[in-house]
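See structure below.
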Amino acid sequence: MEQSVSKDKKYSLLFVCLGNICRSPAAQGVMESIVNERGISHLVDIDSAGISGYHAGDLPDQRMRVHARRRGLELTHRSRQVRPTDFERFDLIFAMDDSNYDHLRDMANSPEEMDKVVRIASFFRQHSAMDCIPDPYYGGSEGFENVLDLLEDACHHIADRIEEGTL
Ligand code: 4NP
């Protein structure tokens with residue numbers, strides 16, 4: 001069923017972090033909000049997943065949900081682990097950091113699948129000096145705000161590229 005939904009869309013995007021309870025569900029929420037605001041949600045299928053299945057079934061971390069809610073985002077995704085079929089279903093798989101990137105590239109079953117894995121940092125514009133979205137899990141509230149700032153920067157760029165047809 002998931003596969004048939006994504007085939008109707010022009011772009012299918014998967015955001016991946018370690019636990020799928022902080023960064024990648026926030027990325028999903030930010031991206032969904034942007035495509036809704038721009039009226040292009042019919043073009044895009046968006047999901048998120050984790051390298052680890054440790055938090056499978058969980059809602060996003062309470063701290064991430066609080067910070068997202070302050071920006072008008074309700075994060076309701078349930079954590080799930082990345083699976084091999086994700087490399088068939090999605091056009092692009094965005095890694096939040098180098099460790100995620102290396103794991104995803106190792107999981108790919110072909111050069112074509114490997115090419116789908118990209119660093120979200122390559123879409124930063126205002127924060128081009130940053131090379132990843134740092135894991136906020138063991139830090140303070142500023143880390144969660146930083147995640148959202150970086151995601152808004154990258155996701156607006158991704159949405160621009162969707163509108164241009166150049167993603
Ligand atoms: P995320 O953050 O990868 O952004 O979801 C983390 C969530 C959980 C853990 C580490 C990072 N953990 O160690 O359980």
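Chain labels run A, B, ... following the order of the structure tokens; each chain numbers its residues from 1, and ligands are numbered from 1 in the order shown.
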
At a cut-off of 8 Å, can you tabulate as a Markdown table every residue of stretch 21-127 of chain A near stretch 134-146 of chain A together with its closest atom pair and the distance in Å to one decimal, using only C-alpha atoms and ordering rows by chain then number?
```
| residue | atom | partner | partner_atom | distance |
| --- | --- | --- | --- | --- |
| A:Cys22 | CA | A:Tyr137 | CA | 7.3 |
| A:Arg23 | CA | A:Asp135 | CA | 7.3 |
| A:Arg63 | CA | A:Phe144 | CA | 7.5 |
| A:Met64 | CA | A:Phe144 | CA | 6.2 |
| A:His67 | CA | A:Phe144 | CA | 6.7 |
| A:Met96 | CA | A:Pro134 | CA | 7.7 |
| A:Asp97 | CA | A:Pro134 | CA | 7.0 |
```

Take the residues from that selection and put them in a file with N, CA and C atoms, as a short mmCIF file (atom, residue, chain, number, x, y, z; two decimals), in the first residue's frame.
```
data_model
loop_
_atom_site.label_atom_id
_atom_site.label_comp_id
_atom_site.auth_asym_id
_atom_site.auth_seq_id
_atom_site.Cartn_x
_atom_site.Cartn_y
_atom_site.Cartn_z
N CYS A 22 14.13 12.13 17.43
CA CYS A 22 14.45 13.57 17.55
C CYS A 22 14.56 14.22 16.18
N ARG A 23 15.73 14.04 15.54
CA ARG A 23 16.00 14.81 14.32
C ARG A 23 15.12 14.44 13.14
N ARG A 63 10.98 16.31 24.47
CA ARG A 63 11.64 17.61 24.32
C ARG A 63 11.55 18.09 22.87
N MET A 64 11.74 17.16 21.94
CA MET A 64 11.64 17.53 20.51
C MET A 64 10.22 17.98 20.19
N HIS A 67 9.63 21.59 21.59
CA HIS A 67 10.28 22.64 20.78
C HIS A 67 9.60 22.79 19.43
N MET A 96 21.14 12.58 8.56
CA MET A 96 21.32 13.77 9.41
C MET A 96 22.79 14.01 9.76
N ASP A 97 23.61 12.93 9.80
CA ASP A 97 25.03 13.12 10.12
C ASP A 97 25.86 12.06 9.38
#
```

Ligand 1 neighbours within 9 Å using only C-alpha atoms and all ligand atoms, as an MDAnalysis selection string: chainID A and resid 16:26 49:52 54:55 60:61 79 96 100 133:138 147

Dump as a tab-separated table (two decimals), in the first residue's frame, selection limited to N, CA, C and O atoms:
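The resulting file, result_0.tsv, is shown below:
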```tsv
chain	number	residue	atom	x	y	z
A	16	VAL	N	16.43	10.33	7.77
A	16	VAL	CA	16.95	9.28	8.65
A	16	VAL	C	17.93	9.85	9.68
A	16	VAL	O	18.83	10.63	9.32
A	17	CYS	N	17.74	9.46	10.96
A	17	CYS	CA	18.72	9.76	12.01
A	17	CYS	C	18.98	8.45	12.76
A	17	CYS	O	18.67	7.37	12.24
A	18	LEU	N	19.54	8.53	13.95
A	18	LEU	CA	19.86	7.30	14.68
A	18	LEU	C	18.61	6.65	15.28
A	18	LEU	O	18.31	5.49	15.03
A	19	GLY	N	17.87	7.41	16.09
A	19	GLY	CA	16.77	6.82	16.85
A	19	GLY	C	15.39	7.03	16.28
A	19	GLY	O	14.43	6.42	16.72
A	20	ASN	N	15.28	7.95	15.31
A	20	ASN	CA	13.99	8.33	14.73
A	20	ASN	C	13.01	8.83	15.80
A	20	ASN	O	11.81	8.58	15.73
A	21	ILE	N	13.58	9.51	16.82
A	21	ILE	CA	12.70	10.16	17.81
A	21	ILE	C	13.02	11.65	17.98
A	21	ILE	O	12.26	12.35	18.66
A	22	CYS	N	14.13	12.13	17.43
A	22	CYS	CA	14.45	13.57	17.55
A	22	CYS	C	14.56	14.22	16.18
A	22	CYS	O	13.64	14.87	15.70
A	23	ARG	N	15.73	14.04	15.54
A	23	ARG	CA	16.00	14.81	14.32
A	23	ARG	C	15.12	14.44	13.14
A	23	ARG	O	14.55	15.32	12.47
A	24	SER	N	15.01	13.13	12.82
A	24	SER	CA	14.31	12.79	11.57
A	24	SER	C	12.79	12.96	11.66
A	24	SER	O	12.19	13.40	10.67
A	25	PRO	N	12.13	12.68	12.79
A	25	PRO	CA	10.71	13.02	12.82
A	25	PRO	C	10.47	14.53	12.78
A	25	PRO	O	9.47	15.00	12.24
A	26	ALA	N	11.44	15.30	13.34
A	26	ALA	CA	11.33	16.76	13.22
A	26	ALA	C	11.51	17.17	11.76
A	26	ALA	O	10.79	18.05	11.26
A	49	ALA	N	12.77	7.57	9.42
A	49	ALA	CA	13.13	6.27	9.99
A	49	ALA	C	14.45	6.41	10.73
A	49	ALA	O	15.14	7.43	10.61
A	50	GLY	N	14.80	5.35	11.50
A	50	GLY	CA	16.03	5.37	12.27
A	50	GLY	C	16.98	4.25	11.87
A	50	GLY	O	16.55	3.18	11.45
A	51	ILE	N	18.27	4.51	12.01
A	51	ILE	CA	19.26	3.45	11.83
A	51	ILE	C	19.01	2.36	12.87
A	51	ILE	O	19.05	1.17	12.58
A	52	SER	N	18.72	2.79	14.10
A	52	SER	CA	18.43	1.87	15.19
A	52	SER	C	16.93	1.62	15.30
A	52	SER	O	16.13	2.51	15.01
A	54	TYR	N	15.76	0.77	18.23
A	54	TYR	CA	15.63	0.76	19.69
A	54	TYR	C	14.35	1.44	20.18
A	54	TYR	O	13.75	1.03	21.15
A	55	HIS	N	13.92	2.48	19.48
A	55	HIS	CA	12.74	3.23	19.91
A	55	HIS	C	11.51	2.92	19.05
A	55	HIS	O	10.54	3.70	19.06
A	60	PRO	N	7.91	10.82	18.96
A	60	PRO	CA	9.15	11.58	19.13
A	60	PRO	C	9.39	11.96	20.60
A	60	PRO	O	8.45	12.08	21.39
A	61	ASP	N	10.67	12.13	20.91
A	61	ASP	CA	11.11	12.55	22.23
A	61	ASP	C	10.28	13.77	22.69
A	61	ASP	O	10.05	14.70	21.91
A	79	SER	N	8.24	5.97	15.67
A	79	SER	CA	9.58	5.55	15.26
A	79	SER	C	9.57	4.18	14.59
A	79	SER	O	8.86	3.26	15.02
A	96	MET	N	21.14	12.58	8.56
A	96	MET	CA	21.32	13.77	9.41
A	96	MET	C	22.79	14.01	9.76
A	96	MET	O	23.17	15.14	10.05
A	100	ASN	N	25.08	8.33	10.18
A	100	ASN	CA	23.86	7.87	9.49
A	100	ASN	C	24.17	7.62	8.02
A	100	ASN	O	23.74	6.62	7.43
A	133	ILE	N	23.49	17.69	11.16
A	133	ILE	CA	22.55	18.11	12.20
A	133	ILE	C	22.95	17.35	13.46
A	133	ILE	O	22.75	16.13	13.56
A	134	PRO	N	23.55	18.04	14.43
A	134	PRO	CA	24.08	17.35	15.61
A	134	PRO	C	22.98	16.69	16.43
A	134	PRO	O	21.87	17.23	16.56
A	135	ASP	N	23.31	15.52	16.97
A	135	ASP	CA	22.39	14.75	17.81
A	135	ASP	C	22.08	15.55	19.08
A	135	ASP	O	23.00	15.85	19.85
A	136	PRO	N	20.82	15.89	19.33
A	136	PRO	CA	20.49	16.70	20.51
A	136	PRO	C	20.19	15.88	21.76
A	136	PRO	O	19.94	16.43	22.83
A	137	TYR	N	20.21	14.55	21.65
A	137	TYR	CA	19.60	13.67	22.66
A	137	TYR	C	20.18	13.86	24.05
A	137	TYR	O	19.46	13.87	25.04
A	138	TYR	N	21.52	14.01	24.14
A	138	TYR	CA	22.15	14.09	25.47
A	138	TYR	C	22.44	15.53	25.88
A	138	TYR	O	23.11	15.76	26.88
A	147	VAL	N	18.48	22.04	16.00
A	147	VAL	CA	17.96	21.05	15.04
A	147	VAL	C	16.88	21.70	14.16
A	147	VAL	O	16.91	21.58	12.93
```

Please list as a PyMOL selection string every residue within 9 Å of A:Ala121, counting only C-alpha atoms and excluding residues in the same chain fewer than 2 positions away. chain A and resi 94-97+118-119+123-125+127-128+130-133+150+154

Resulting file, chosen residues, C-alpha atoms, as a PDB file, in the first residue's frame:
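Saved result, part_4.pdb, follows:
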```pdb
ATOM      1  CA  PHE A  94      18.549  12.254   3.763  1.00  0.00           C
ATOM      2  CA  ALA A  95      21.132  11.398   6.436  1.00  0.00           C
ATOM      3  CA  MET A  96      21.319  13.767   9.409  1.00  0.00           C
ATOM      4  CA  ASP A  97      25.029  13.117  10.116  1.00  0.00           C
ATOM      5  CA  VAL A 118      22.599  12.202   0.628  1.00  0.00           C
ATOM      6  CA  ARG A 119      23.699  14.389   3.531  1.00  0.00           C
ATOM      7  CA  PHE A 123      21.190  21.576   1.477  1.00  0.00           C
ATOM      8  CA  PHE A 124      22.167  24.135   4.132  1.00  0.00           C
ATOM      9  CA  ARG A 125      22.260  27.715   2.832  1.00  0.00           C
ATOM     10  CA  HIS A 127      24.189  27.436   7.891  1.00  0.00           C
ATOM     11  CA  SER A 128      26.613  26.367   5.179  1.00  0.00           C
ATOM     12  CA  MET A 130      27.760  23.248   9.416  1.00  0.00           C
ATOM     13  CA  ASP A 131      28.346  19.727   8.089  1.00  0.00           C
ATOM     14  CA  CYS A 132      25.569  17.820   9.918  1.00  0.00           C
ATOM     15  CA  ILE A 133      22.552  18.114  12.196  1.00  0.00           C
ATOM     16  CA  LEU A 150      19.030  23.731  10.564  1.00  0.00           C
ATOM     17  CA  ALA A 154      17.636  22.722   4.515  1.00  0.00           C
TER      18      ALA A 154
END
```

Please report the interatomic distance between atom CA of A:Gln28 and atom CA of A:Met107 in Å with one decimal. 21.4 Å

What is the atom CA of A:Asn109 to atom CA of A:Ala56 distance in Å?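 According to the coordinates, atom CA of A:Asn109 and atom CA of A:Ala56 are separated by 23.5 Å.
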
Can you work out the spacing between atom CA of A:Val30 and atom CA of A:Val82 in Å, to one decimal?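 Value for the atom CA of A:Val30-atom CA of A:Val82 distance: 19.8 Å.
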
Identify, on the basis of only C-alpha atoms, every residue whose closest approach to stretch 36-41 of chain A does not exceed 10 Å; exclude the query and any residue fewer than 4 positions from it along the same chain; express the result as an MDAnalysis selection string. chainID A and resid 9 11 30:32 45:46 159:160 162:163

Now that the selection is made, can you save its residues with N, CA, C and O atoms as an mmCIF file, in the first residue's frame?
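Once written, again-v2.cif looks like this:
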```
data_model
loop_
_atom_site.group_PDB
_atom_site.id
_atom_site.type_symbol
_atom_site.label_atom_id
_atom_site.label_comp_id
_atom_site.auth_asym_id
_atom_site.auth_seq_id
_atom_site.Cartn_x
_atom_site.Cartn_y
_atom_site.Cartn_z
ATOM 1 N N LYS A 9 3.226 10.059 -6.337
ATOM 2 C CA LYS A 9 3.907 11.311 -6.027
ATOM 3 C C LYS A 9 5.121 11.468 -6.923
ATOM 4 O O LYS A 9 5.708 10.496 -7.371
ATOM 5 N N TYR A 11 7.959 13.062 -5.917
ATOM 6 C CA TYR A 11 9.155 12.894 -5.105
ATOM 7 C C TYR A 11 8.810 12.132 -3.838
ATOM 8 O O TYR A 11 7.845 12.486 -3.162
ATOM 9 N N VAL A 30 8.865 19.329 9.684
ATOM 10 C CA VAL A 30 9.224 20.600 9.042
ATOM 11 C C VAL A 30 8.946 20.529 7.544
ATOM 12 O O VAL A 30 8.344 21.441 6.959
ATOM 13 N N MET A 31 9.344 19.423 6.913
ATOM 14 C CA MET A 31 9.167 19.293 5.458
ATOM 15 C C MET A 31 7.682 19.241 5.108
ATOM 16 O O MET A 31 7.238 19.878 4.133
ATOM 17 N N GLU A 32 6.895 18.487 5.888
ATOM 18 C CA GLU A 32 5.451 18.408 5.624
ATOM 19 C C GLU A 32 4.806 19.784 5.745
ATOM 20 O O GLU A 32 3.957 20.161 4.928
ATOM 21 N N ASP A 45 5.906 12.678 -1.148
ATOM 22 C CA ASP A 45 5.655 11.649 -0.136
ATOM 23 C C ASP A 45 6.812 11.732 0.857
ATOM 24 O O ASP A 45 7.981 11.685 0.440
ATOM 25 N N ILE A 46 6.505 11.896 2.144
ATOM 26 C CA ILE A 46 7.543 12.152 3.151
ATOM 27 C C ILE A 46 7.425 11.152 4.293
ATOM 28 O O ILE A 46 6.320 10.903 4.798
ATOM 29 N N ALA A 159 12.533 22.223 -0.783
ATOM 30 C CA ALA A 159 11.240 22.601 -1.385
ATOM 31 C C ALA A 159 11.446 23.479 -2.617
ATOM 32 O O ALA A 159 10.731 23.341 -3.621
ATOM 33 N N ASP A 160 12.428 24.390 -2.551
ATOM 34 C CA ASP A 160 12.742 25.211 -3.735
ATOM 35 C C ASP A 160 13.105 24.314 -4.908
ATOM 36 O O ASP A 160 12.664 24.530 -6.051
ATOM 37 N N ILE A 162 12.274 21.205 -5.368
ATOM 38 C CA ILE A 162 11.076 20.475 -5.833
ATOM 39 C C ILE A 162 10.283 21.374 -6.788
ATOM 40 O O ILE A 162 9.874 20.949 -7.866
ATOM 41 N N GLU A 163 10.084 22.631 -6.369
ATOM 42 C CA GLU A 163 9.300 23.562 -7.205
ATOM 43 C C GLU A 163 9.979 23.818 -8.547
ATOM 44 O O GLU A 163 9.314 24.008 -9.556
#
```

Residue set, stretch 64-159 of chain A restricted to alpha helix (DSSP H), as an mmCIF file with N, CA, C and O atoms, in the first residue's frame:
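What ended up in states.cif:
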```
data_model
loop_
_atom_site.group_PDB
_atom_site.id
_atom_site.type_symbol
_atom_site.label_atom_id
_atom_site.label_comp_id
_atom_site.auth_asym_id
_atom_site.auth_seq_id
_atom_site.Cartn_x
_atom_site.Cartn_y
_atom_site.Cartn_z
ATOM 1 N N MET A 64 11.740 17.156 21.938
ATOM 2 C CA MET A 64 11.642 17.534 20.512
ATOM 3 C C MET A 64 10.222 17.980 20.194
ATOM 4 O O MET A 64 10.021 18.948 19.441
ATOM 5 N N ARG A 65 9.246 17.313 20.777
ATOM 6 C CA ARG A 65 7.844 17.669 20.501
ATOM 7 C C ARG A 65 7.522 19.052 21.064
ATOM 8 O O ARG A 65 6.794 19.831 20.444
ATOM 9 N N VAL A 66 8.052 19.358 22.243
ATOM 10 C CA VAL A 66 7.787 20.668 22.856
ATOM 11 C C VAL A 66 8.384 21.785 22.005
ATOM 12 O O VAL A 66 7.724 22.792 21.709
ATOM 13 N N HIS A 67 9.631 21.592 21.590
ATOM 14 C CA HIS A 67 10.280 22.641 20.781
ATOM 15 C C HIS A 67 9.602 22.792 19.429
ATOM 16 O O HIS A 67 9.440 23.913 18.934
ATOM 17 N N ALA A 68 9.196 21.666 18.832
ATOM 18 C CA ALA A 68 8.507 21.740 17.533
ATOM 19 C C ALA A 68 7.155 22.440 17.688
ATOM 20 O O ALA A 68 6.765 23.260 16.856
ATOM 21 N N ARG A 69 6.466 22.130 18.772
ATOM 22 C CA ARG A 69 5.128 22.718 18.995
ATOM 23 C C ARG A 69 5.211 24.238 19.108
ATOM 24 O O ARG A 69 4.321 24.948 18.648
ATOM 25 N N ARG A 70 6.306 24.738 19.673
ATOM 26 C CA ARG A 70 6.494 26.199 19.775
ATOM 27 C C ARG A 70 6.576 26.848 18.406
ATOM 28 O O ARG A 70 6.386 28.044 18.264
ATOM 29 N N ASP A 86 13.084 0.453 1.773
ATOM 30 C CA ASP A 86 13.126 1.922 1.716
ATOM 31 C C ASP A 86 13.998 2.402 0.544
ATOM 32 O O ASP A 86 13.751 3.466 -0.015
ATOM 33 N N PHE A 87 15.001 1.598 0.198
ATOM 34 C CA PHE A 87 15.901 2.005 -0.885
ATOM 35 C C PHE A 87 15.238 1.858 -2.256
ATOM 36 O O PHE A 87 15.717 2.412 -3.234
ATOM 37 N N GLU A 88 14.136 1.093 -2.325
ATOM 38 C CA GLU A 88 13.353 0.995 -3.562
ATOM 39 C C GLU A 88 12.257 2.060 -3.562
ATOM 40 O O GLU A 88 11.988 2.704 -4.566
ATOM 41 N N ARG A 89 11.621 2.221 -2.407
ATOM 42 C CA ARG A 89 10.444 3.084 -2.324
ATOM 43 C C ARG A 89 10.770 4.565 -2.463
ATOM 44 O O ARG A 89 9.997 5.332 -3.052
ATOM 45 N N ASP A 98 27.174 12.136 9.536
ATOM 46 C CA ASP A 98 28.060 11.244 8.785
ATOM 47 C C ASP A 98 27.891 9.781 9.183
ATOM 48 O O ASP A 98 28.034 8.882 8.349
ATOM 49 N N SER A 99 27.605 9.547 10.456
ATOM 50 C CA SER A 99 27.406 8.163 10.894
ATOM 51 C C SER A 99 26.163 7.564 10.215
ATOM 52 O O SER A 99 26.205 6.436 9.700
ATOM 53 N N ASN A 100 25.078 8.329 10.183
ATOM 54 C CA ASN A 100 23.858 7.872 9.488
ATOM 55 C C ASN A 100 24.175 7.621 8.018
ATOM 56 O O ASN A 100 23.743 6.622 7.430
ATOM 57 N N TYR A 101 24.911 8.531 7.424
ATOM 58 C CA TYR A 101 25.261 8.444 5.998
ATOM 59 C C TYR A 101 26.038 7.155 5.718
ATOM 60 O O TYR A 101 25.709 6.412 4.786
ATOM 61 N N ASP A 102 27.048 6.890 6.544
ATOM 62 C CA ASP A 102 27.870 5.693 6.325
ATOM 63 C C ASP A 102 27.036 4.420 6.489
ATOM 64 O O ASP A 102 27.157 3.483 5.698
ATOM 65 N N HIS A 103 26.170 4.388 7.512
ATOM 66 C CA HIS A 103 25.309 3.208 7.712
ATOM 67 C C HIS A 103 24.382 2.996 6.523
ATOM 68 O O HIS A 103 24.191 1.874 6.054
ATOM 69 N N LEU A 104 23.783 4.076 6.049
ATOM 70 C CA LEU A 104 22.835 3.961 4.928
ATOM 71 C C LEU A 104 23.546 3.506 3.661
ATOM 72 O O LEU A 104 23.033 2.645 2.929
ATOM 73 N N ARG A 105 24.718 4.063 3.407
ATOM 74 C CA ARG A 105 25.464 3.661 2.210
ATOM 75 C C ARG A 105 25.856 2.186 2.302
ATOM 76 O O ARG A 105 25.839 1.477 1.300
ATOM 77 N N ASP A 106 26.160 1.717 3.514
ATOM 78 C CA ASP A 106 26.485 0.299 3.700
ATOM 79 C C ASP A 106 25.272 -0.592 3.448
ATOM 80 O O ASP A 106 25.407 -1.735 3.019
ATOM 81 N N MET A 107 24.090 -0.087 3.753
ATOM 82 C CA MET A 107 22.865 -0.888 3.581
ATOM 83 C C MET A 107 22.436 -0.997 2.122
ATOM 84 O O MET A 107 21.692 -1.914 1.767
ATOM 85 N N PRO A 111 24.647 0.409 -6.758
ATOM 86 C CA PRO A 111 25.122 1.793 -6.907
ATOM 87 C C PRO A 111 23.953 2.775 -6.989
ATOM 88 O O PRO A 111 24.044 3.891 -6.458
ATOM 89 N N GLU A 112 22.851 2.368 -7.626
ATOM 90 C CA GLU A 112 21.678 3.251 -7.743
ATOM 91 C C GLU A 112 21.096 3.533 -6.349
ATOM 92 O O GLU A 112 20.740 4.678 -6.049
ATOM 93 N N GLU A 113 20.987 2.503 -5.530
ATOM 94 C CA GLU A 113 20.470 2.708 -4.167
ATOM 95 C C GLU A 113 21.429 3.582 -3.368
ATOM 96 O O GLU A 113 21.010 4.438 -2.594
ATOM 97 N N MET A 114 22.715 3.376 -3.550
ATOM 98 C CA MET A 114 23.708 4.167 -2.820
ATOM 99 C C MET A 114 23.593 5.652 -3.181
ATOM 100 O O MET A 114 23.706 6.528 -2.322
ATOM 101 N N ASP A 115 23.334 5.919 -4.453
ATOM 102 C CA ASP A 115 23.231 7.308 -4.906
ATOM 103 C C ASP A 115 22.023 8.039 -4.332
ATOM 104 O O ASP A 115 21.961 9.267 -4.394
ATOM 105 N N SER A 141 18.325 22.292 25.837
ATOM 106 C CA SER A 141 17.256 22.752 24.945
ATOM 107 C C SER A 141 17.799 23.465 23.711
ATOM 108 O O SER A 141 17.173 23.444 22.655
ATOM 109 N N GLU A 142 18.993 24.094 23.825
ATOM 110 C CA GLU A 142 19.538 24.804 22.667
ATOM 111 C C GLU A 142 19.811 23.842 21.509
ATOM 112 O O GLU A 142 19.709 24.231 20.342
ATOM 113 N N GLY A 143 20.107 22.582 21.841
ATOM 114 C CA GLY A 143 20.349 21.581 20.804
ATOM 115 C C GLY A 143 19.105 21.293 19.982
ATOM 116 O O GLY A 143 19.180 21.080 18.760
ATOM 117 N N PHE A 144 17.955 21.315 20.644
ATOM 118 C CA PHE A 144 16.689 21.054 19.932
ATOM 119 C C PHE A 144 16.300 22.243 19.059
ATOM 120 O O PHE A 144 15.782 22.072 17.953
ATOM 121 N N GLU A 145 16.568 23.448 19.573
ATOM 122 C CA GLU A 145 16.324 24.645 18.750
ATOM 123 C C GLU A 145 17.245 24.646 17.531
ATOM 124 O O GLU A 145 16.822 24.995 16.424
ATOM 125 N N ASN A 146 18.492 24.245 17.752
ATOM 126 C CA ASN A 146 19.465 24.185 16.648
ATOM 127 C C ASN A 146 18.991 23.195 15.575
ATOM 128 O O ASN A 146 19.070 23.480 14.381
ATOM 129 N N VAL A 147 18.485 22.040 15.999
ATOM 130 C CA VAL A 147 17.955 21.050 15.044
ATOM 131 C C VAL A 147 16.883 21.701 14.164
ATOM 132 O O VAL A 147 16.911 21.582 12.927
ATOM 133 N N LEU A 148 15.966 22.415 14.790
ATOM 134 C CA LEU A 148 14.855 23.012 14.021
ATOM 135 C C LEU A 148 15.348 24.127 13.104
ATOM 136 O O LEU A 148 14.875 24.244 11.966
ATOM 137 N N ASP A 149 16.302 24.946 13.582
ATOM 138 C CA ASP A 149 16.860 26.006 12.724
ATOM 139 C C ASP A 149 17.515 25.404 11.478
ATOM 140 O O ASP A 149 17.310 25.885 10.355
ATOM 141 N N LEU A 150 18.323 24.362 11.691
ATOM 142 C CA LEU A 150 19.030 23.731 10.564
ATOM 143 C C LEU A 150 18.043 23.062 9.612
ATOM 144 O O LEU A 150 18.186 23.135 8.385
ATOM 145 N N LEU A 151 17.031 22.420 10.172
ATOM 146 C CA LEU A 151 16.044 21.739 9.320
ATOM 147 C C LEU A 151 15.248 22.733 8.485
ATOM 148 O O LEU A 151 14.968 22.475 7.306
ATOM 149 N N GLU A 152 14.865 23.856 9.085
ATOM 150 C CA GLU A 152 14.104 24.850 8.312
ATOM 151 C C GLU A 152 14.946 25.354 7.141
ATOM 152 O O GLU A 152 14.436 25.510 6.023
ATOM 153 N N ASP A 153 16.217 25.584 7.394
ATOM 154 C CA ASP A 153 17.130 26.042 6.337
ATOM 155 C C ASP A 153 17.173 25.007 5.208
ATOM 156 O O ASP A 153 16.913 25.322 4.029
ATOM 157 N N ALA A 154 17.480 23.759 5.547
ATOM 158 C CA ALA A 154 17.636 22.722 4.515
ATOM 159 C C ALA A 154 16.307 22.417 3.811
ATOM 160 O O ALA A 154 16.278 22.257 2.580
ATOM 161 N N CYS A 155 15.228 22.348 4.560
ATOM 162 C CA CYS A 155 13.952 21.924 3.962
ATOM 163 C C CYS A 155 13.382 22.990 3.026
ATOM 164 O O CYS A 155 12.731 22.657 2.033
ATOM 165 N N HIS A 156 13.622 24.270 3.316
ATOM 166 C CA HIS A 156 13.208 25.305 2.355
ATOM 167 C C HIS A 156 13.988 25.164 1.052
ATOM 168 O O HIS A 156 13.426 25.335 -0.039
ATOM 169 N N HIS A 157 15.266 24.839 1.161
ATOM 170 C CA HIS A 157 16.071 24.630 -0.047
ATOM 171 C C HIS A 157 15.551 23.415 -0.824
ATOM 172 O O HIS A 157 15.387 23.461 -2.054
ATOM 173 N N ILE A 158 15.245 22.335 -0.107
ATOM 174 C CA ILE A 158 14.713 21.122 -0.760
ATOM 175 C C ILE A 158 13.389 21.454 -1.464
ATOM 176 O O ILE A 158 13.151 21.057 -2.612
ATOM 177 N N ALA A 159 12.533 22.223 -0.783
ATOM 178 C CA ALA A 159 11.240 22.601 -1.385
ATOM 179 C C ALA A 159 11.446 23.479 -2.617
ATOM 180 O O ALA A 159 10.731 23.341 -3.621
#
```
